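Have a look at target.cif below; it lists mmCIF, C-alpha atoms.
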```cif
data_my_file
#
loop_
_atom_site.group_PDB
_atom_site.id
_atom_site.type_symbol
_atom_site.label_atom_id
_atom_site.label_comp_id
_atom_site.auth_asym_id
_atom_site.auth_seq_id
_atom_site.Cartn_x
_atom_site.Cartn_y
_atom_site.Cartn_z
ATOM 1 C CA MET A 158 107.221 51.175 74.285
ATOM 2 C CA ASN A 159 103.529 50.322 74.553
ATOM 3 C CA LEU A 160 102.499 53.101 72.168
ATOM 4 C CA VAL A 161 104.766 51.743 69.420
ATOM 5 C CA GLY A 162 104.494 48.023 70.153
ATOM 6 C CA CYS A 163 100.693 47.850 70.080
ATOM 7 C CA TRP A 164 100.679 48.591 66.344
ATOM 8 C CA PHE A 165 102.810 45.484 65.779
ATOM 9 C CA GLY A 166 100.721 43.140 67.933
ATOM 10 C CA ALA A 167 102.916 43.300 71.042
ATOM 11 C CA MET A 168 101.606 42.517 74.494
ATOM 12 C CA PRO A 169 101.529 45.490 76.867
ATOM 13 C CA VAL A 170 104.757 45.800 78.815
ATOM 14 C CA CYS A 171 104.333 47.249 82.296
ATOM 15 C CA HIS A 172 103.536 46.200 85.814
ATOM 16 C CA GLY A 173 99.872 46.168 84.791
ATOM 17 C CA ALA A 174 100.352 43.626 81.978
ATOM 18 C CA GLY A 175 99.597 40.755 84.361
ATOM 19 C CA GLY A 176 96.403 42.490 85.464
ATOM 20 C CA LEU A 177 95.381 42.993 81.848
ATOM 21 C CA ALA A 178 96.031 39.313 81.109
ATOM 22 C CA GLY A 179 94.005 38.357 84.184
ATOM 23 C CA GLN A 180 91.129 40.579 83.104
ATOM 24 C CA TYR A 181 91.200 38.966 79.670
ATOM 25 C CA ARG A 182 91.360 35.496 81.208
ATOM 26 C CA PHE A 183 88.323 36.186 83.361
ATOM 27 C CA GLY A 184 86.206 37.611 80.549
ATOM 28 C CA GLY A 185 87.245 41.225 79.918
ATOM 29 C CA ARG A 186 87.407 41.482 76.129
ATOM 30 C CA SER A 187 87.067 45.210 75.485
ATOM 31 C CA GLY A 188 88.220 48.551 76.792
ATOM 32 C CA ALA A 189 84.934 48.855 78.650
ATOM 33 C CA SER A 190 86.081 46.217 81.155
ATOM 34 C CA VAL A 191 89.001 48.427 82.182
ATOM 35 C CA VAL A 192 86.667 51.439 82.481
ATOM 36 C CA PHE A 193 84.279 49.497 84.728
ATOM 37 C CA LEU A 194 87.180 48.258 86.834
ATOM 38 C CA GLY A 195 88.436 51.823 87.255
ATOM 39 C CA ILE A 196 84.970 53.079 88.193
ATOM 40 C CA GLY A 197 84.615 50.245 90.703
ATOM 41 C CA LYS A 198 87.956 51.101 92.305
ATOM 42 C CA LEU A 199 87.024 54.787 92.517
ATOM 43 C CA ILE A 200 83.723 53.960 94.197
ATOM 44 C CA LEU A 201 85.410 51.609 96.683
ATOM 45 C CA GLY A 202 88.032 54.264 97.469
ATOM 46 C CA LEU A 203 85.444 56.975 97.967
ATOM 47 C CA VAL A 204 83.109 54.833 100.080
ATOM 48 C CA PHE A 205 85.672 53.120 102.312
ATOM 49 C CA GLY A 206 88.548 55.641 102.259
ATOM 50 C CA ASN A 207 91.586 54.729 104.347
ATOM 51 C CA SER A 208 89.820 51.819 106.015
ATOM 52 C CA PHE A 209 89.908 49.967 102.702
ATOM 53 C CA VAL A 210 93.652 49.423 103.152
ATOM 54 C CA ARG A 211 92.954 47.434 106.318
ATOM 55 C CA ILE A 212 90.263 45.429 104.500
ATOM 56 C CA LEU A 213 92.702 44.586 101.685
ATOM 57 C CA GLY A 214 95.299 43.589 104.291
ATOM 58 C CA GLN A 215 92.921 40.833 105.425
ATOM 59 C CA PHE A 216 92.544 39.486 101.865
ATOM 60 C CA PRO A 217 93.855 35.884 101.649
ATOM 61 C CA ILE A 218 97.229 35.657 99.912
ATOM 62 C CA GLY A 219 96.276 32.256 98.419
ATOM 63 C CA ILE A 220 93.546 33.820 96.297
ATOM 64 C CA LEU A 221 96.000 36.411 95.002
ATOM 65 C CA GLY A 222 98.397 33.570 94.155
ATOM 66 C CA VAL A 223 95.730 31.795 92.125
ATOM 67 C CA LEU A 224 94.911 35.015 90.258
ATOM 68 C CA LEU A 225 98.629 35.506 89.583
ATOM 69 C CA LEU A 226 98.907 31.918 88.335
ATOM 70 C CA PHE A 227 96.107 32.435 85.812
ATOM 71 C CA SER A 228 97.620 35.741 84.700
ATOM 72 C CA GLY A 229 100.984 34.054 84.193
ATOM 73 C CA ILE A 230 99.410 31.239 82.200
ATOM 74 C CA GLU A 231 97.619 33.772 80.007
ATOM 75 C CA LEU A 232 100.856 35.664 79.371
ATOM 76 C CA ALA A 233 102.704 32.397 78.645
ATOM 77 C CA MET A 234 100.128 31.503 75.996
ATOM 78 C CA ALA A 235 102.064 33.817 73.663
ATOM 79 C CA SER A 236 104.489 30.924 73.261
ATOM 80 C CA ARG A 237 101.872 29.146 71.141
ATOM 81 C CA ASP A 238 102.749 31.575 68.357
ATOM 82 C CA MET A 239 106.276 30.184 68.129
ATOM 83 C CA ASN A 240 106.478 28.113 64.952
ATOM 84 C CA THR A 241 110.047 26.846 65.121
ATOM 85 C CA LYS A 242 112.559 25.739 67.717
ATOM 86 C CA GLU A 243 114.674 28.799 66.923
ATOM 87 C CA GLU A 244 111.805 31.161 67.756
ATOM 88 C CA SER A 245 111.172 29.302 71.009
ATOM 89 C CA PHE A 246 114.878 29.436 71.849
ATOM 90 C CA VAL A 247 114.997 33.212 71.300
ATOM 91 C CA MET A 248 111.911 33.651 73.499
ATOM 92 C CA LEU A 249 113.376 31.538 76.311
ATOM 93 C CA VAL A 250 116.765 33.293 76.201
ATOM 94 C CA CYS A 251 115.047 36.685 76.243
ATOM 95 C CA ALA A 252 112.938 35.672 79.244
ATOM 96 C CA ALA A 253 115.884 34.117 81.089
ATOM 97 C CA VAL A 254 118.117 37.162 80.628
ATOM 98 C CA SER A 255 115.281 39.492 81.632
ATOM 99 C CA LEU A 256 114.635 37.530 84.815
ATOM 100 C CA THR A 257 118.233 36.912 85.873
ATOM 101 C CA GLY A 258 119.557 40.318 84.867
ATOM 102 C CA SER A 259 116.484 42.042 86.319
ATOM 103 C CA SER A 260 116.329 44.259 83.252
ATOM 104 C CA ALA A 261 113.724 43.859 80.527
ATOM 105 C CA ALA A 262 115.831 46.069 78.247
ATOM 106 C CA LEU A 263 118.816 43.749 78.602
ATOM 107 C CA GLY A 264 116.652 40.726 77.812
ATOM 108 C CA PHE A 265 115.125 42.534 74.834
ATOM 109 C CA GLY A 266 118.567 43.457 73.501
ATOM 110 C CA CYS A 267 119.887 39.906 73.900
ATOM 111 C CA GLY A 268 116.778 38.526 72.230
ATOM 112 C CA ILE A 269 117.131 40.863 69.240
ATOM 113 C CA LEU A 270 120.851 40.053 68.934
ATOM 114 C CA LEU A 271 120.219 36.306 69.095
ATOM 115 C CA PHE A 272 117.376 36.592 66.570
ATOM 116 C CA LEU A 273 119.623 38.466 64.121
ATOM 117 C CA ILE A 274 122.440 35.944 64.548
ATOM 118 C CA LEU A 275 120.072 33.042 63.878
ATOM 119 C CA LYS A 276 118.583 34.808 60.829
ATOM 120 C CA MET A 277 122.059 35.541 59.419
ATOM 121 C CA ARG A 278 123.024 31.910 59.956
ATOM 122 C CA GLN A 279 119.832 30.766 58.262
ATOM 123 C CA MET A 280 120.375 33.100 55.298
ATOM 124 C CA GLU A 281 123.961 31.916 54.944
ATOM 125 C CA CYS A 282 122.903 28.257 54.973
ATOM 126 C CA HIS A 283 120.134 28.859 52.437
ATOM 127 C CA SER A 284 122.411 30.803 50.112
ATOM 128 C CA CYS A 285 125.052 28.038 50.164
ATOM 129 C CA GLY A 286 122.465 25.322 49.830
ATOM 130 C CA GLY A 287 120.637 27.172 47.082
ATOM 131 C CA PHE A 288 123.900 27.725 45.167
ATOM 132 C CA LEU A 289 124.913 24.092 45.435
ATOM 133 C CA ASN A 290 121.468 22.843 44.522
ATOM 134 C CA PHE A 291 121.317 25.230 41.593
ATOM 135 C CA ASN A 292 124.628 23.977 40.200
ATOM 136 C CA SER A 293 123.818 20.321 40.714
ATOM 137 C CA LYS A 294 120.388 20.701 39.138
ATOM 138 C CA SER A 295 121.752 22.653 36.203
ATOM 139 C CA LEU A 296 124.420 19.981 35.672
ATOM 140 C CA LEU A 297 121.832 17.232 35.795
ATOM 141 C CA HIS A 298 119.524 19.072 33.439
ATOM 142 C CA GLY A 299 122.447 19.806 31.105
ATOM 143 C CA GLU A 300 123.478 16.148 31.032
ATOM 144 C CA ALA A 301 119.901 15.009 30.506
ATOM 145 C CA ALA A 302 119.438 17.532 27.704
ATOM 146 C CA GLY A 303 122.694 16.360 26.068
ATOM 147 C CA GLN A 304 121.563 12.724 26.289
ATOM 148 C CA LEU A 305 118.200 13.559 24.753
ATOM 149 C CA GLN A 306 119.879 15.406 21.882
ATOM 150 C CA SER A 307 122.222 12.478 21.244
ATOM 151 C CA MET A 308 119.260 10.072 21.210
ATOM 152 C CA GLU A 309 117.387 12.177 18.673
ATOM 153 C CA VAL A 310 120.263 12.180 16.184
#
```
Please express the file's structure as structure tokens.
Amino acid sequence: MNLVGCWFGAMPVCHGAGGLAGQYRFGGRSGASVVFLGIGKLILGLVFGNSFVRILGQFPIGILGVLLLFSGIELAMASRDMNTKEESFVMLVCAAVSLTGSSAALGFGCGILLFLILKMRQMECHSCGGFLNFNSKSLLHGEAAGQLQSMEV
């Protein structure tokens, strides 16, 4: 999904997406930041070995919560791209179904279905409105043209 979605501007979808958002939030703007992070983790693993697990066990949970909060805020910033209430509604339904159904695929499917329904409804309304407006305008223009012709004679 990531290999296809990235060409269309999608956010990465995996358990590491929050980490990527956190890295971006704290200044990582290129692929080099991920490389340096990987090198740093390799060095820490090689230097400390199994004892590093005990060190990480002593890491305060509150700090991890703050990092998770900033990652979540960064991921939620995608909602700024929503231009209409319909787009926001589709996004919220997709997120709600994904969270309650514990399946991102189910949320994605519901979001696509809802988006298509709203687009079909919008197209139907525009086609009816456009047809009615076209007839009323043509009638008005026809009457005005007839009045102008009668005034000229």
Pairwise distance, CA of Leu232 in chain A with CA of Ala178 in chain A, equals 6.3 Å
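Picture a line from CA of Leu225 in chain A to CA of Gly176 in chain A; it runs 8.4 Å.
Atom to atom, CA of Leu194 in chain A and CA of Gln180 in chain A stand 9.4 Å apart.
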Quick one: what's the axis-aligned box for range 221-232 of chain A, all listed atoms, 8 Å on every side, centre and edges in Å to one decimal, as lines of an AutoDock Vina configuration file?
```
center_x = 97.9
center_y = 33.8
center_z = 87.2
size_x = 22.1
size_y = 21.2
size_z = 31.6
```
Restricting the calculation to only C-alpha atoms: of A:Met280, A:Val223, A:Ile230, A:Leu249, which residue gets closest to Gly268 in chain A? A:Leu249
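Closest to Gly179 in chain A among A:Ser260, A:Gly202, A:Glu231, A:Val192 is A:Glu231, based on only C-alpha atoms.
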List as a count of residues only: which residues have an atom within 12 Å of (114.4, 35.9, 76.7), counting all atoms listed in the file? 30
